[in-house]
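Participant: Quick one: structure below, then a few questions.
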Amino acid sequence: MRLGHRPERDKRITTHVGLVARAFGAEGMLLCGRDAHVEESLNDAARRWGGAFRLTPNASWKGEIVRWKESGGQVVHLTMYGSNLPDVIDEIRKSEDILIVVGAEKVPAEVYQLADWNVAVGNQPHSEVAALAVFLDRLFQGEELGREFEGGLKIVPSSRGKEVIYPEFSSKDEEGGDEKSEYGNEAADDGLDE
Ligand code: SAM
């Protein structure tokens, strides 16, 4: 759950929260608010790169948190003020349904009360993108990095250059050289122009 998105200044970082959530094993993202640019970018990435990641815009943070808990799930709020990650991650990993909340500006005090865990990825201020990435990596113990995403472009890991497979054609695009996009080569460009 992305709380507190400010369309005038958070487009890029909220998009990156979503990209990290998807790439590091989350099933979906609840966006509190609306932003056509963020929604298009994340939906486009999910369509082109496969998998079943879902974006739900215009979520009500309180309604979703309460509903999540009522249906048996648990809530982790990432905040620099929380319990430090290494001290609680083994306990959190026992939960089967986790809603992870990250903020932008000041997070309402009620979120701290409703959360089952307030978790710090180190007790220093940094970024929701970094906090989410490290949290998911510790949660999944690195296994998320080997995960396959069905039905999209596939990158063949390469020590040099770029190799992309287009599943629908079973053909390969091989290219070395200049980066054309932040997210891939020109042929595999996922349209994210951030
Ligand atoms: N003053 C804000 C607060 O009350 O947490 C910090 C805002 S910070 C720019 C945006 C978000 O990044 C926070 O809401 C939190 O989710 C995440 N974050 C930043 N540093 C963190 C840390 N050390 N551990 C966990 N999450 C962190």
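Here, A, B, ... name the chains of the structure tokens in the order displayed, residue numbers run from 1 inside each chain, and ligands are numbered from 1 in the same displayed order.
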Env of Thr79 (chain A): 7 Å cut, atoms = only C-alpha atoms, seq-sep filter 3 positions within chain, self excluded. Answer as a list in words.
Facilitator: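 Counting only the stated atoms, we get Gly82, Asn118, Val119 and Ala120 of chain A.
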Participant: Could I get the residue neighbourhood of ligand 1 at 10 Å, counting only C-alpha atoms and all ligand atoms, as a PyMOL selection string?
Facilitator: chain A and resi 1-4+13+76-85+100-109+118-132+134-135
Participant: Which of region 100-153 of chain A counts as strand (DSSP E or B) under DSSP, as a list of chain:residue names please?
Facilitator: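 Residues of region 100-153 of chain A classed as strand (DSSP E or B): A:Ile100, A:Val101, A:Val102, A:Trp117, A:Asn118, A:Val119, A:Ala120.
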Participant: Using the selection just defined, write its residues with N, CA and C atoms as a PDB file, in the first residue's frame.
Facilitator:
ATOM      1  N   ILE A 100       1.882  -4.568   3.212  1.00  0.00           N
ATOM      2  CA  ILE A 100       3.008  -3.706   3.571  1.00  0.00           C
ATOM      3  C   ILE A 100       2.623  -2.264   3.244  1.00  0.00           C
ATOM      4  N   VAL A 101       2.749  -1.395   4.216  1.00  0.00           N
ATOM      5  CA  VAL A 101       2.386   0.010   4.025  1.00  0.00           C
ATOM      6  C   VAL A 101       3.652   0.858   3.975  1.00  0.00           C
ATOM      7  N   VAL A 102       3.761   1.679   2.914  1.00  0.00           N
ATOM      8  CA  VAL A 102       4.845   2.678   2.893  1.00  0.00           C
ATOM      9  C   VAL A 102       4.224   4.057   2.707  1.00  0.00           C
ATOM     10  N   TRP A 117       2.900  -4.767  12.884  1.00  0.00           N
ATOM     11  CA  TRP A 117       4.316  -4.454  13.127  1.00  0.00           C
ATOM     12  C   TRP A 117       4.648  -3.107  12.480  1.00  0.00           C
ATOM     13  N   ASN A 118       5.306  -2.242  13.222  1.00  0.00           N
ATOM     14  CA  ASN A 118       5.958  -1.063  12.655  1.00  0.00           C
ATOM     15  C   ASN A 118       7.434  -1.431  12.544  1.00  0.00           C
ATOM     16  N   VAL A 119       7.934  -1.460  11.305  1.00  0.00           N
ATOM     17  CA  VAL A 119       9.254  -2.044  11.064  1.00  0.00           C
ATOM     18  C   VAL A 119      10.191  -1.016  10.429  1.00  0.00           C
ATOM     19  N   ALA A 120      11.363  -0.887  11.006  1.00  0.00           N
ATOM     20  CA  ALA A 120      12.397  -0.017  10.447  1.00  0.00           C
ATOM     21  C   ALA A 120      13.417  -0.853   9.697  1.00  0.00           C
TER      22      ALA A 120
END
Participant: Please identify all polymer residues within 12 Å of Gly33 (chain A), counting only C-alpha atoms, omitting same-chain residues fewer than 5 positions from it, and present them as a PyMOL selection string.
Facilitator: chain A and resi 1-7+10-11+14+38-39+55-61
Participant: Would you export the selected residues with N, CA and C atoms as a short mmCIF file (atom, residue, chain, number, x, y, z; two decimals), in the first residue's frame, please?
Facilitator:
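Generated file (selection16.cif):
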data_model
loop_
_atom_site.label_atom_id
_atom_site.label_comp_id
_atom_site.auth_asym_id
_atom_site.auth_seq_id
_atom_site.Cartn_x
_atom_site.Cartn_y
_atom_site.Cartn_z
N MET A 1 0.84 -1.19 0.00
CA MET A 1 0.00 0.00 0.00
C MET A 1 0.87 1.24 0.00
N ARG A 2 0.60 2.07 -1.02
CA ARG A 2 1.32 3.34 -1.11
C ARG A 2 0.41 4.42 -0.56
N LEU A 3 0.81 4.97 0.59
CA LEU A 3 0.04 6.02 1.26
C LEU A 3 0.58 7.39 0.89
N GLY A 4 -0.29 8.37 0.81
CA GLY A 4 0.15 9.76 0.75
C GLY A 4 0.75 10.21 -0.56
N HIS A 5 0.41 9.52 -1.67
CA HIS A 5 0.97 9.91 -2.98
C HIS A 5 0.56 11.34 -3.35
N ARG A 6 1.55 12.16 -3.68
CA ARG A 6 1.29 13.54 -4.11
C ARG A 6 1.61 13.63 -5.60
N PRO A 7 0.55 13.71 -6.44
CA PRO A 7 0.77 13.65 -7.89
C PRO A 7 1.78 14.67 -8.40
N ASP A 10 5.37 13.06 -6.59
CA ASP A 10 5.73 11.67 -6.28
C ASP A 10 5.58 10.70 -7.44
N LYS A 11 5.34 11.18 -8.67
CA LYS A 11 5.08 10.26 -9.79
C LYS A 11 6.17 9.21 -9.92
N THR A 14 6.57 6.88 -6.69
CA THR A 14 5.45 5.94 -6.53
C THR A 14 5.51 4.87 -7.61
N VAL A 38 1.14 7.24 -13.21
CA VAL A 38 1.62 6.09 -12.43
C VAL A 38 0.86 4.83 -12.84
N GLU A 39 -0.45 4.96 -12.97
CA GLU A 39 -1.28 3.80 -13.32
C GLU A 39 -0.90 3.24 -14.69
N LEU A 55 -2.60 -3.57 -9.96
CA LEU A 55 -2.61 -2.25 -9.33
C LEU A 55 -4.05 -1.87 -9.03
N THR A 56 -4.31 -1.50 -7.79
CA THR A 56 -5.65 -1.02 -7.41
C THR A 56 -5.54 0.44 -7.00
N PRO A 57 -5.98 1.35 -7.88
CA PRO A 57 -5.90 2.77 -7.52
C PRO A 57 -7.07 3.20 -6.64
N ASN A 58 -6.91 4.39 -6.08
CA ASN A 58 -7.98 5.02 -5.32
C ASN A 58 -8.39 4.21 -4.09
N ALA A 59 -7.43 3.54 -3.48
CA ALA A 59 -7.74 2.72 -2.30
C ALA A 59 -7.89 3.63 -1.08
N SER A 60 -8.79 3.25 -0.20
CA SER A 60 -8.94 3.96 1.08
C SER A 60 -8.03 3.25 2.08
N TRP A 61 -7.05 3.99 2.61
CA TRP A 61 -6.05 3.29 3.44
C TRP A 61 -6.68 2.63 4.66
#
Participant: For each of A:Lys69, A:Arg12, A:Arg54, A:Arg138, take the minimum atom-to-atom distance to Leu30 (chain A), counting only C-alpha atoms, then give the residue where this is smallest.
Facilitator: A:Arg54
Participant: Could you tell me which of A:Gly73, A:Gly146, A:Pro86, A:Gly151 comes closest to Ile98 (chain A) if we count only C-alpha atoms?
Facilitator: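 Closest to Ile98 (chain A), using only C-alpha atoms: A:Gly73.
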Participant: Between A:Arg9, A:Lys154, A:Arg147, A:Lys62, which is the closest to Leu114 (chain A) once you count only C-alpha atoms?
Facilitator: A:Lys62
Participant: Mind giving me the straight-line distance from CA of Glu110 (chain A) to CA of Ala26 (chain A) in Å, one decimal?
Facilitator: 24.0 Å
